[in-house]
$ cat query.pdb   # PDB, C-alpha atoms
ATOM      1  CA  MET A   1      65.039   7.242 119.101
ATOM      2  CA  LYS A   2      63.110   7.772 115.884
ATOM      3  CA  LYS A   3      64.762   8.230 112.546
ATOM      4  CA  LYS A   4      63.850  11.518 110.922
ATOM      5  CA  THR A   5      65.060  13.768 108.181
ATOM      6  CA  GLY A   6      66.918  15.913 110.664
ATOM      7  CA  SER A   7      69.061  13.025 111.822
ATOM      8  CA  VAL A   8      71.560  13.468 109.003
ATOM      9  CA  PHE A   9      72.355  16.991 110.143
ATOM     10  CA  ARG A  10      72.399  15.849 113.730
ATOM     11  CA  GLU A  11      74.992  13.179 113.056
ATOM     12  CA  LEU A  12      76.957  15.514 110.828
ATOM     13  CA  GLY A  13      77.137  18.194 113.470
ATOM     14  CA  TYR A  14      77.949  15.789 116.238
ATOM     15  CA  PHE A  15      80.671  13.843 114.494
ATOM     16  CA  ALA A  16      82.177  16.938 112.900
ATOM     17  CA  SER A  17      82.673  18.352 116.368
ATOM     18  CA  LEU A  18      84.416  15.207 117.556
ATOM     19  CA  GLY A  19      87.883  15.935 116.196
ATOM     20  CA  MET A  20      88.036  19.317 117.790
ATOM     21  CA  SER A  21      87.001  18.049 121.196
ATOM     22  CA  VAL A  22      89.664  15.325 121.035
ATOM     23  CA  ALA A  23      92.397  17.831 120.210
ATOM     24  CA  LEU A  24      91.225  20.261 122.861
ATOM     25  CA  SER A  25      91.047  17.537 125.529
ATOM     26  CA  ILE A  26      94.664  16.601 124.858
ATOM     27  CA  PHE A  27      95.841  20.206 125.058
ATOM     28  CA  LEU A  28      93.757  20.839 128.141
ATOM     29  CA  GLY A  29      95.330  17.871 129.929
ATOM     30  CA  LEU A  30      98.803  18.947 128.823
ATOM     31  CA  PHE A  31      98.436  22.521 130.042
ATOM     32  CA  LEU A  32      96.827  21.390 133.283
ATOM     33  CA  GLY A  33      99.846  19.176 133.892
ATOM     34  CA  LEU A  34     102.283  21.970 133.065
ATOM     35  CA  TRP A  35     100.504  24.362 135.390
ATOM     36  CA  LEU A  36     100.488  21.851 138.238
ATOM     37  CA  ASP A  37     104.194  21.192 137.601
ATOM     38  CA  LYS A  38     104.966  24.862 138.051
ATOM     39  CA  LYS A  39     102.850  24.955 141.190
ATOM     40  CA  PHE A  40     104.349  21.914 142.941
ATOM     41  CA  ASP A  41     107.838  22.068 141.409
ATOM     42  CA  THR A  42     107.831  18.488 140.077
ATOM     43  CA  ASP A  43     109.011  19.294 136.629
ATOM     44  CA  PRO A  44     108.234  16.570 134.113
ATOM     45  CA  ILE A  45     106.092  14.102 136.061
ATOM     46  CA  LEU A  46     102.720  15.808 136.283
ATOM     47  CA  MET A  47     103.013  17.016 132.717
ATOM     48  CA  PHE A  48     103.116  13.439 131.451
ATOM     49  CA  ILE A  49     100.307  12.402 133.777
ATOM     50  CA  GLY A  50      98.196  15.306 132.550
ATOM     51  CA  LEU A  51      98.993  14.470 128.949
ATOM     52  CA  ALA A  52      97.960  10.850 129.475
ATOM     53  CA  MET A  53      94.749  12.014 131.156
ATOM     54  CA  GLY A  54      94.031  14.342 128.261
ATOM     55  CA  ILE A  55      94.600  11.610 125.692
ATOM     56  CA  ALA A  56      92.364   9.265 127.682
ATOM     57  CA  ALA A  57      89.671  11.950 127.847
ATOM     58  CA  GLY A  58      89.873  12.486 124.105
ATOM     59  CA  PHE A  59      89.587   8.786 123.411
ATOM     60  CA  SER A  60      86.700   8.411 125.823
ATOM     61  CA  ASN A  61      84.942  11.036 123.718
ATOM     62  CA  ILE A  62      85.501   8.899 120.611
ATOM     63  CA  ILE A  63      84.275   5.744 122.348
ATOM     64  CA  ARG A  64      81.177   7.501 123.622
ATOM     65  CA  ALA A  65      80.446   8.841 120.135
ATOM     66  CA  GLY A  66      80.810   5.356 118.726
ATOM     67  CA  LYS A  67      78.327   4.008 121.239
ATOM     68  CA  LYS A  68      75.959   6.853 120.435
ATOM     69  CA  GLY A  69      76.438   6.308 116.709
ATOM     70  CA  ARG A  70      74.935   2.856 116.970
ATOM     71  CA  LYS A  71      71.814   4.322 118.511
ATOM     72  CA  PHE A  72      71.042   6.832 115.770
TER      73      PHE A  72
ATOM     74  CA  MET B   1      94.317  44.115 112.035
ATOM     75  CA  GLY B   2      91.429  46.371 112.988
ATOM     76  CA  HIS B   3      88.151  46.976 111.319
ATOM     77  CA  PRO B   4      88.405  49.839 108.796
ATOM     78  CA  TYR B   5      85.237  51.634 109.833
ATOM     79  CA  LEU B   6      82.565  50.895 112.408
ATOM     80  CA  ILE B   7      79.422  52.953 112.433
ATOM     81  CA  LEU B   8      78.578  52.474 116.112
ATOM     82  CA  THR B   9      82.064  53.559 117.156
ATOM     83  CA  SER B  10      81.652  56.882 115.403
ATOM     84  CA  LEU B  11      78.155  57.094 116.871
ATOM     85  CA  PHE B  12      79.589  56.683 120.367
ATOM     86  CA  GLY B  13      82.216  59.249 119.405
ATOM     87  CA  LEU B  14      79.468  61.864 119.468
ATOM     88  CA  PHE B  15      79.260  61.347 123.240
ATOM     89  CA  GLY B  16      83.028  61.316 123.741
ATOM     90  CA  LEU B  17      83.212  57.544 124.236
ATOM     91  CA  ASP B  18      85.338  57.119 121.130
ATOM     92  CA  GLY B  19      88.303  55.278 122.599
ATOM     93  CA  TRP B  20      86.235  52.885 124.687
ATOM     94  CA  ALA B  21      83.901  51.984 121.814
ATOM     95  CA  ALA B  22      86.806  51.450 119.433
ATOM     96  CA  LYS B  23      88.425  49.089 121.921
ATOM     97  CA  ASN B  24      85.237  47.073 122.613
ATOM     98  CA  PRO B  25      83.243  46.903 119.384
ATOM     99  CA  HIS B  26      81.790  43.520 120.376
ATOM    100  CA  VAL B  27      80.070  45.109 123.381
ATOM    101  CA  THR B  28      78.429  47.919 121.447
ATOM    102  CA  TYR B  29      77.346  45.640 118.639
ATOM    103  CA  MET B  30      76.008  43.109 121.108
ATOM    104  CA  TRP B  31      73.867  45.886 122.547
ATOM    105  CA  LEU B  32      72.612  46.584 119.038
ATOM    106  CA  ALA B  33      71.814  42.905 118.518
ATOM    107  CA  MET B  34      70.009  42.811 121.864
ATOM    108  CA  ILE B  35      67.940  45.871 120.994
ATOM    109  CA  VAL B  36      66.978  44.484 117.588
ATOM    110  CA  LEU B  37      66.120  41.035 118.957
ATOM    111  CA  ILE B  38      64.071  42.437 121.829
ATOM    112  CA  PHE B  39      62.230  44.633 119.339
ATOM    113  CA  PHE B  40      61.465  41.639 117.126
ATOM    114  CA  GLY B  41      60.345  39.606 120.087
ATOM    115  CA  TRP B  42      58.027  42.408 121.144
ATOM    116  CA  LEU B  43      56.760  42.671 117.572
ATOM    117  CA  GLY B  44      56.115  38.940 117.368
ATOM    118  CA  GLY B  45      54.420  38.696 120.750
ATOM    119  CA  LYS B  46      52.395  41.866 120.468
ATOM    120  CA  SER B  47      49.388  40.488 118.662
ATOM    121  CA  ILE B  48      49.237  36.726 119.051
ATOM    122  CA  SER B  49      46.100  35.323 117.474
ATOM    123  CA  MET B  50      44.810  31.875 116.658
ATOM    124  CA  VAL B  51      45.033  32.560 112.938
ATOM    125  CA  PRO B  52      48.618  33.710 112.474
ATOM    126  CA  LYS B  53      49.425  36.761 110.396
ATOM    127  CA  LYS B  54      52.657  37.674 108.640
ATOM    128  CA  ALA B  55      55.191  38.135 111.420
ATOM    129  CA  GLN B  56      53.649  35.483 113.643
ATOM    130  CA  ASN B  57      53.830  32.949 110.815
ATOM    131  CA  VAL B  58      57.564  33.393 110.470
ATOM    132  CA  PHE B  59      58.167  33.059 114.193
ATOM    133  CA  GLU B  60      55.906  30.040 114.490
ATOM    134  CA  VAL B  61      57.636  28.174 111.680
ATOM    135  CA  LEU B  62      61.071  28.942 113.135
ATOM    136  CA  ILE B  63      60.220  28.148 116.723
ATOM    137  CA  SER B  64      58.037  25.076 116.284
ATOM    138  CA  GLY B  65      60.395  23.578 113.711
ATOM    139  CA  LEU B  66      63.363  23.936 116.028
ATOM    140  CA  GLU B  67      61.361  22.714 119.001
ATOM    141  CA  ASP B  68      60.407  19.511 117.200
ATOM    142  CA  PHE B  69      64.001  19.086 116.154
ATOM    143  CA  MET B  70      65.186  19.482 119.729
ATOM    144  CA  VAL B  71      62.572  17.157 121.194
ATOM    145  CA  THR B  72      63.616  14.374 118.807
ATOM    146  CA  ILE B  73      67.119  14.622 120.275
ATOM    147  CA  THR B  74      66.487  15.166 123.962
ATOM    148  CA  GLY B  75      63.070  13.640 124.487
ATOM    149  CA  ASP B  76      60.256  15.400 126.261
ATOM    150  CA  GLU B  77      62.358  16.409 129.280
ATOM    151  CA  GLY B  78      64.366  18.728 127.076
ATOM    152  CA  ARG B  79      61.404  20.933 126.253
ATOM    153  CA  LYS B  80      62.034  22.948 129.392
ATOM    154  CA  SER B  81      65.423  24.167 128.254
ATOM    155  CA  PHE B  82      64.249  25.002 124.746
ATOM    156  CA  PRO B  83      63.760  28.764 125.346
ATOM    157  CA  LEU B  84      67.364  29.204 126.445
ATOM    158  CA  VAL B  85      68.795  27.217 123.564
ATOM    159  CA  LEU B  86      66.564  28.952 121.031
ATOM    160  CA  THR B  87      67.616  32.333 122.394
ATOM    161  CA  ILE B  88      71.251  31.349 122.008
ATOM    162  CA  PHE B  89      70.556  30.151 118.455
ATOM    163  CA  ILE B  90      68.796  33.334 117.375
ATOM    164  CA  PHE B  91      71.402  35.533 119.010
ATOM    165  CA  VAL B  92      74.282  33.651 117.410
ATOM    166  CA  LEU B  93      72.577  33.640 114.021
ATOM    167  CA  PHE B  94      71.841  37.355 114.178
ATOM    168  CA  GLY B  95      75.321  38.146 115.454
ATOM    169  CA  ASN B  96      76.909  36.118 112.675
ATOM    170  CA  LEU B  97      74.786  37.695 109.969
ATOM    171  CA  MET B  98      75.712  41.124 111.304
ATOM    172  CA  GLY B  99      79.217  40.554 110.003
ATOM    173  CA  LEU B 100      77.973  40.654 106.419
ATOM    174  CA  VAL B 101      76.761  44.228 106.678
ATOM    175  CA  PRO B 102      79.463  46.781 105.914
ATOM    176  CA  ALA B 103      80.544  48.915 108.897
ATOM    177  CA  PHE B 104      79.156  46.292 111.290
ATOM    178  CA  PHE B 105      81.181  44.052 113.570
ATOM    179  CA  PRO B 106      79.780  40.598 114.415
ATOM    180  CA  PRO B 107      79.725  40.278 118.223
ATOM    181  CA  THR B 108      80.386  36.551 117.875
ATOM    182  CA  ALA B 109      83.794  37.260 116.311
ATOM    183  CA  ASN B 110      85.157  38.096 119.754
ATOM    184  CA  ILE B 111      86.239  35.318 122.073
ATOM    185  CA  ASN B 112      84.610  36.893 125.137
ATOM    186  CA  THR B 113      81.133  36.670 123.648
ATOM    187  CA  THR B 114      81.486  33.087 122.483
ATOM    188  CA  LEU B 115      83.057  31.997 125.777
ATOM    189  CA  ALA B 116      80.147  33.504 127.683
ATOM    190  CA  LEU B 117      77.629  31.717 125.454
ATOM    191  CA  ALA B 118      79.454  28.391 125.744
ATOM    192  CA  ILE B 119      79.708  28.623 129.530
ATOM    193  CA  ILE B 120      75.985  29.383 129.767
ATOM    194  CA  ALA B 121      75.082  26.418 127.539
ATOM    195  CA  VAL B 122      77.331  23.879 129.279
ATOM    196  CA  VAL B 123      76.540  25.011 132.825
ATOM    197  CA  TRP B 124      72.846  24.866 132.001
ATOM    198  CA  SER B 125      73.194  21.270 130.824
ATOM    199  CA  HIS B 126      74.677  20.362 134.219
ATOM    200  CA  VAL B 127      71.899  22.262 135.998
ATOM    201  CA  ILE B 128      69.351  20.214 134.056
ATOM    202  CA  GLY B 129      71.171  17.024 134.952
ATOM    203  CA  ILE B 130      71.232  17.869 138.654
ATOM    204  CA  GLN B 131      67.562  18.822 138.559
ATOM    205  CA  LEU B 132      66.582  15.536 136.945
ATOM    206  CA  HIS B 133      68.866  13.077 138.702
ATOM    207  CA  GLY B 134      69.638  14.842 141.974
ATOM    208  CA  VAL B 135      72.770  13.563 143.705
ATOM    209  CA  LYS B 136      72.925  10.594 141.342
ATOM    210  CA  TYR B 137      73.981  12.938 138.550
ATOM    211  CA  ILE B 138      77.573  12.536 139.751
ATOM    212  CA  LYS B 139      77.464   8.990 138.375
ATOM    213  CA  HIS B 140      77.897  10.565 134.962
ATOM    214  CA  PHE B 141      81.417  11.455 136.006
ATOM    215  CA  LEU B 142      82.474   8.298 137.782
ATOM    216  CA  GLY B 143      82.671   5.667 135.063
ATOM    217  CA  PRO B 144      81.359   2.102 135.216
ATOM    218  CA  ILE B 145      83.626   0.563 137.889
ATOM    219  CA  PRO B 146      83.823   1.988 141.443
ATOM    220  CA  ALA B 147      87.502   1.066 141.809
ATOM    221  CA  MET B 148      88.460   3.266 138.867
ATOM    222  CA  ILE B 149      86.868   6.463 140.143
ATOM    223  CA  PRO B 150      90.209   8.285 140.732
ATOM    224  CA  LEU B 151      91.076   7.610 137.112
ATOM    225  CA  PHE B 152      87.726   8.485 135.579
ATOM    226  CA  LEU B 153      86.929  11.639 137.519
ATOM    227  CA  PRO B 154      89.787  13.807 136.146
ATOM    228  CA  ILE B 155      89.256  12.364 132.670
ATOM    229  CA  GLU B 156      85.586  13.275 132.694
ATOM    230  CA  ILE B 157      86.306  16.731 134.107
ATOM    231  CA  ILE B 158      88.832  17.349 131.333
ATOM    232  CA  GLY B 159      86.331  16.104 128.750
ATOM    233  CA  HIS B 160      83.596  18.381 130.031
ATOM    234  CA  THR B 161      85.885  21.404 130.131
ATOM    235  CA  ALA B 162      86.938  20.641 126.570
ATOM    236  CA  ARG B 163      83.269  20.974 125.577
ATOM    237  CA  VAL B 164      83.263  24.606 126.650
ATOM    238  CA  LEU B 165      86.503  25.245 124.816
ATOM    239  CA  SER B 166      85.407  23.510 121.626
ATOM    240  CA  LEU B 167      82.126  25.450 121.520
ATOM    241  CA  THR B 168      84.039  28.672 122.144
ATOM    242  CA  PHE B 169      86.807  28.211 119.634
ATOM    243  CA  ARG B 170      84.633  26.868 116.832
ATOM    244  CA  LEU B 171      82.316  29.852 116.713
ATOM    245  CA  PHE B 172      85.042  32.386 117.431
ATOM    246  CA  GLY B 173      87.421  30.920 114.882
ATOM    247  CA  ASN B 174      84.846  30.752 112.115
ATOM    248  CA  MET B 175      83.555  34.262 112.582
ATOM    249  CA  ALA B 176      86.925  35.924 113.232
ATOM    250  CA  GLY B 177      88.378  34.095 110.254
ATOM    251  CA  HIS B 178      85.562  35.265 108.044
ATOM    252  CA  GLU B 179      86.084  38.853 109.194
ATOM    253  CA  LEU B 180      89.822  38.640 108.619
ATOM    254  CA  VAL B 181      89.552  37.161 105.132
ATOM    255  CA  THR B 182      86.976  39.775 104.150
ATOM    256  CA  ILE B 183      89.179  42.603 105.421
ATOM    257  CA  ILE B 184      92.287  41.258 103.707
ATOM    258  CA  LEU B 185      90.521  40.825 100.376
ATOM    259  CA  LEU B 186      88.944  44.247 100.758
ATOM    260  CA  THR B 187      92.283  45.941 101.307
ATOM    261  CA  LEU B 188      94.008  43.952  98.572
ATOM    262  CA  GLY B 189      91.428  44.147  95.813
ATOM    263  CA  GLY B 190      88.331  45.895  97.062
ATOM    264  CA  MET B 191      87.788  47.690  93.785
ATOM    265  CA  PHE B 192      87.161  44.438  91.944
ATOM    266  CA  LEU B 193      84.500  42.982  94.240
ATOM    267  CA  ALA B 194      87.091  40.494  95.501
ATOM    268  CA  PRO B 195      85.429  39.855  98.903
ATOM    269  CA  LEU B 196      82.091  39.020  97.325
ATOM    270  CA  PRO B 197      82.585  35.222  97.101
ATOM    271  CA  VAL B 198      83.818  35.127 100.673
ATOM    272  CA  MET B 199      80.789  37.068 101.816
ATOM    273  CA  ALA B 200      78.504  34.665  99.951
ATOM    274  CA  LEU B 201      80.242  31.852 101.764
ATOM    275  CA  GLY B 202      79.841  33.873 104.958
ATOM    276  CA  THR B 203      76.054  33.694 104.837
ATOM    277  CA  PHE B 204      76.325  29.918 104.702
ATOM    278  CA  VAL B 205      78.904  29.797 107.494
ATOM    279  CA  ALA B 206      76.782  32.058 109.684
ATOM    280  CA  LEU B 207      73.788  29.752 109.404
ATOM    281  CA  VAL B 208      75.806  26.566 109.823
ATOM    282  CA  GLN B 209      77.691  27.803 112.859
ATOM    283  CA  ALA B 210      74.513  28.979 114.577
ATOM    284  CA  LEU B 211      72.935  25.600 113.838
ATOM    285  CA  VAL B 212      75.985  23.714 115.113
ATOM    286  CA  PHE B 213      76.021  25.726 118.325
ATOM    287  CA  PHE B 214      72.318  24.966 118.815
ATOM    288  CA  LEU B 215      72.810  21.312 117.990
ATOM    289  CA  LEU B 216      75.745  20.795 120.329
ATOM    290  CA  SER B 217      73.993  22.550 123.203
ATOM    291  CA  THR B 218      71.020  20.220 122.741
ATOM    292  CA  MET B 219      73.413  17.265 122.528
ATOM    293  CA  TYR B 220      74.980  18.200 125.849
ATOM    294  CA  ILE B 221      71.561  18.656 127.428
ATOM    295  CA  ALA B 222      70.512  15.268 126.032
ATOM    296  CA  GLY B 223      73.661  13.732 127.481
ATOM    297  CA  ALA B 224      72.806  15.182 130.892
ATOM    298  CA  ILE B 225      69.202  13.949 130.689
ATOM    299  CA  GLU B 226      69.933  10.334 129.844
ATOM    300  CA  GLU B 227      70.700   7.806 132.569
ATOM    301  CA  ALA B 228      74.283   7.241 133.624
ATOM    302  CA  HIS B 229      75.920   4.226 132.059
TER     303      HIS B 229
END
$ encode --input "query.pdb" --output "structure tokens"
Amino acid sequence: MKKKTGSVFRELGYFASLGMSVALSIFLGLFLGLWLDKKFDTDPILMFIGLAMGIAAGFSNIIRAGKKGRKF
Amino acid sequence: MGHPYLILTSLFGLFGLDGWAAKNPHVTYMWLAMIVLIFFGWLGGKSISMVPKKAQNVFEVLISGLEDFMVTITGDEGRKSFPLVLTIFIFVLFGNLMGLVPAFFPPTANINTTLALAIIAVVWSHVIGIQLHGVKYIKHFLGPIPAMIPLFLPIEIIGHTARVLSLTFRLFGNMAGHELVTIILLTLGGMFLAPLPVMALGTFVALVQALVFFLLSTMYIAGAIEEAH
């Protein structure tokens, strides 16, 4: 990848969007777990699994951004 | 808190569609944006010549600048999806700027519009990935180790769904917030030009949000184009 004048904006836009995607991944996992709990009647278990999945998804976003950040 | 006065709603009131237009201002104003953009596209494409004139100059600078910008991110394979992403950019920019005109409602300040745009952008990035990699595109979702597929698959699916939501809520939140602040300042101190600074900020926000939407769509397309880890 070449370095150009646009790369500052590119990084800015990409990393500024990171926080939001982390938060939304966590909430998405949480609500998915809650919905599955209601469906299968297993009250707290799937909620915690979903929450853990959401947190893992959010962190995988951060890790991927870090890997990408080295390439810029 | 509703909009104090919308010109298209009273225009539709002439045909007896008052209640419907008041309930769905984003639809009517999206039609307006579509009409204006199609007109400009027709105007720009009407008389293409080798030596560009006024209107063609503007379009060429906008389009070729953004195309170069996109190709530096995605590489040459991304050139195919440039028309879609540029259309989204121009529509979002025009829709955002519409909110600065009095008696106009920005269509991007409604969550239905932004959700539709985000779904189109993200689904298109997966279409591009499947076109380029075929069945192997699923490797993007499976992680590095085969034994951990049951763990990685839901995580990746959650991450990709969060992309749609983050695109949706960012644009919707910015534009709806701008509308709300303008309306509140207008009702509180409209006589003293109180909303003027917010509207000046609004021009900046409109441009930045359109650019961010464009940039993130190209980022997702670039992520689909590159080889799986």
$ residues_around --input "query.pdb" --residues "B:Phe89" --least-positions-apart "2" --cutoff "10 Å" --atoms "all atoms listed in the file" --output "PyMOL selection string"
chain B and resi 66+83-87+91-95+207+209-215+217
$ interface_residues --input "query.pdb" --of "chain B" --to "chain A" --cutoff "10 Å" --atoms "only C-alpha atoms" --output "PyMOL selection string"
chain B and resi 68-70+72-75+151-152+154-167+169-170+208-209+211-216+219
$ atom_distance --input "query.pdb" --atom1 "atom CA of B:Glu179" --atom2 "atom CA of B:Tyr29"
14.5 Å
$ resolve_selection --input "query.pdb" --expression "the PyMOL selection byres ((chain B and resi 96) around 12)" --output "NGL selection string"
:B and (26 or 29-30 or 33 or 88-95 or 97-101 or 104-110 or 113-114 or 171-179 or 199 or 202-211 or 213)
$ atom_distance --input "query.pdb" --atom1 "atom CA of B:Gly78" --atom2 "atom CA of A:Arg70"
21.6 Å
$ residues_around --input "query.pdb" --residues "B:Val51" --least-positions-apart "5" --cutoff "12 Å" --atoms "only C-alpha atoms" --output "list in words"
Gln56, Asn57 and Glu60 of chain B
$ atom_distance --input "query.pdb" --atom1 "atom CA of B:Val135" --atom2 "atom CA of B:Ser81"
20.1 Å
$ residues_around --input "query.pdb" --residues "A:Leu36" --least-positions-apart "2" --cutoff "12 Å" --atoms "only C-alpha atoms" --output "list in words"
Gly29, Leu30, Phe31, Leu32, Gly33, Leu34, Lys38, Lys39, Phe40, Asp41, Thr42, Asp43, Pro44, Ile45, Leu46, Met47, Phe48, Ile49, Gly50 and Leu51 of chain A
$ resolve_selection --input "query.pdb" --expression "the PyMOL selection byres ((chain B and resi 129) around 12)" --output "compact mmCIF listing (two decimals) with C-alpha atoms, keeping the file's coordinate frame"
# COMPACT_ATOMS: atom_id res chain seq x y z
CA GLU B 77 62.36 16.41 129.28
CA GLY B 78 64.37 18.73 127.08
CA SER B 81 65.42 24.17 128.25
CA VAL B 122 77.33 23.88 129.28
CA VAL B 123 76.54 25.01 132.82
CA TRP B 124 72.85 24.87 132.00
CA SER B 125 73.19 21.27 130.82
CA HIS B 126 74.68 20.36 134.22
CA VAL B 127 71.90 22.26 136.00
CA ILE B 128 69.35 20.21 134.06
CA ILE B 130 71.23 17.87 138.65
CA GLN B 131 67.56 18.82 138.56
CA LEU B 132 66.58 15.54 136.94
CA HIS B 133 68.87 13.08 138.70
CA GLY B 134 69.64 14.84 141.97
CA VAL B 135 72.77 13.56 143.71
CA LYS B 136 72.92 10.59 141.34
CA TYR B 137 73.98 12.94 138.55
CA ILE B 138 77.57 12.54 139.75
CA LYS B 139 77.46 8.99 138.38
CA HIS B 140 77.90 10.56 134.96
CA PHE B 141 81.42 11.46 136.01
CA TYR B 220 74.98 18.20 125.85
CA ILE B 221 71.56 18.66 127.43
CA ALA B 222 70.51 15.27 126.03
CA GLY B 223 73.66 13.73 127.48
CA ALA B 224 72.81 15.18 130.89
CA ILE B 225 69.20 13.95 130.69
CA GLU B 226 69.93 10.33 129.84
CA GLU B 227 70.70 7.81 132.57
CA ALA B 228 74.28 7.24 133.62
$ axis_aligned_box --input "query.pdb" --around "stretch 170-181 of chain B" --padding-each-side "8 Å" --output "AutoDock Vina command-line options"
--center_x 86.1 --center_y 32.9 --center_z 111.3 --size_x 23.5 --size_y 28.0 --size_z 28.3
$ residues_near_point --input "query.pdb" --point "(88.7, 42.0, 102.3)" --cutoff "12 Å" --atoms "only C-alpha atoms" --output "list in words"
Met1, Gly2, His3, Pro4, Leu100, Pro102, Gly177, His178, Glu179, Leu180, Val181, Thr182, Ile183, Ile184, Leu185, Leu186, Thr187, Leu188, Gly189, Gly190, Met191, Phe192, Leu193, Ala194, Pro195, Leu196, Pro197, Val198 and Met199 of chain B
$ closest_residue --input "query.pdb" --among "B:Leu62, B:Thr168, B:Ser10, B:Val71" --to "B:Leu117" --atoms "only C-alpha atoms"
B:Thr168
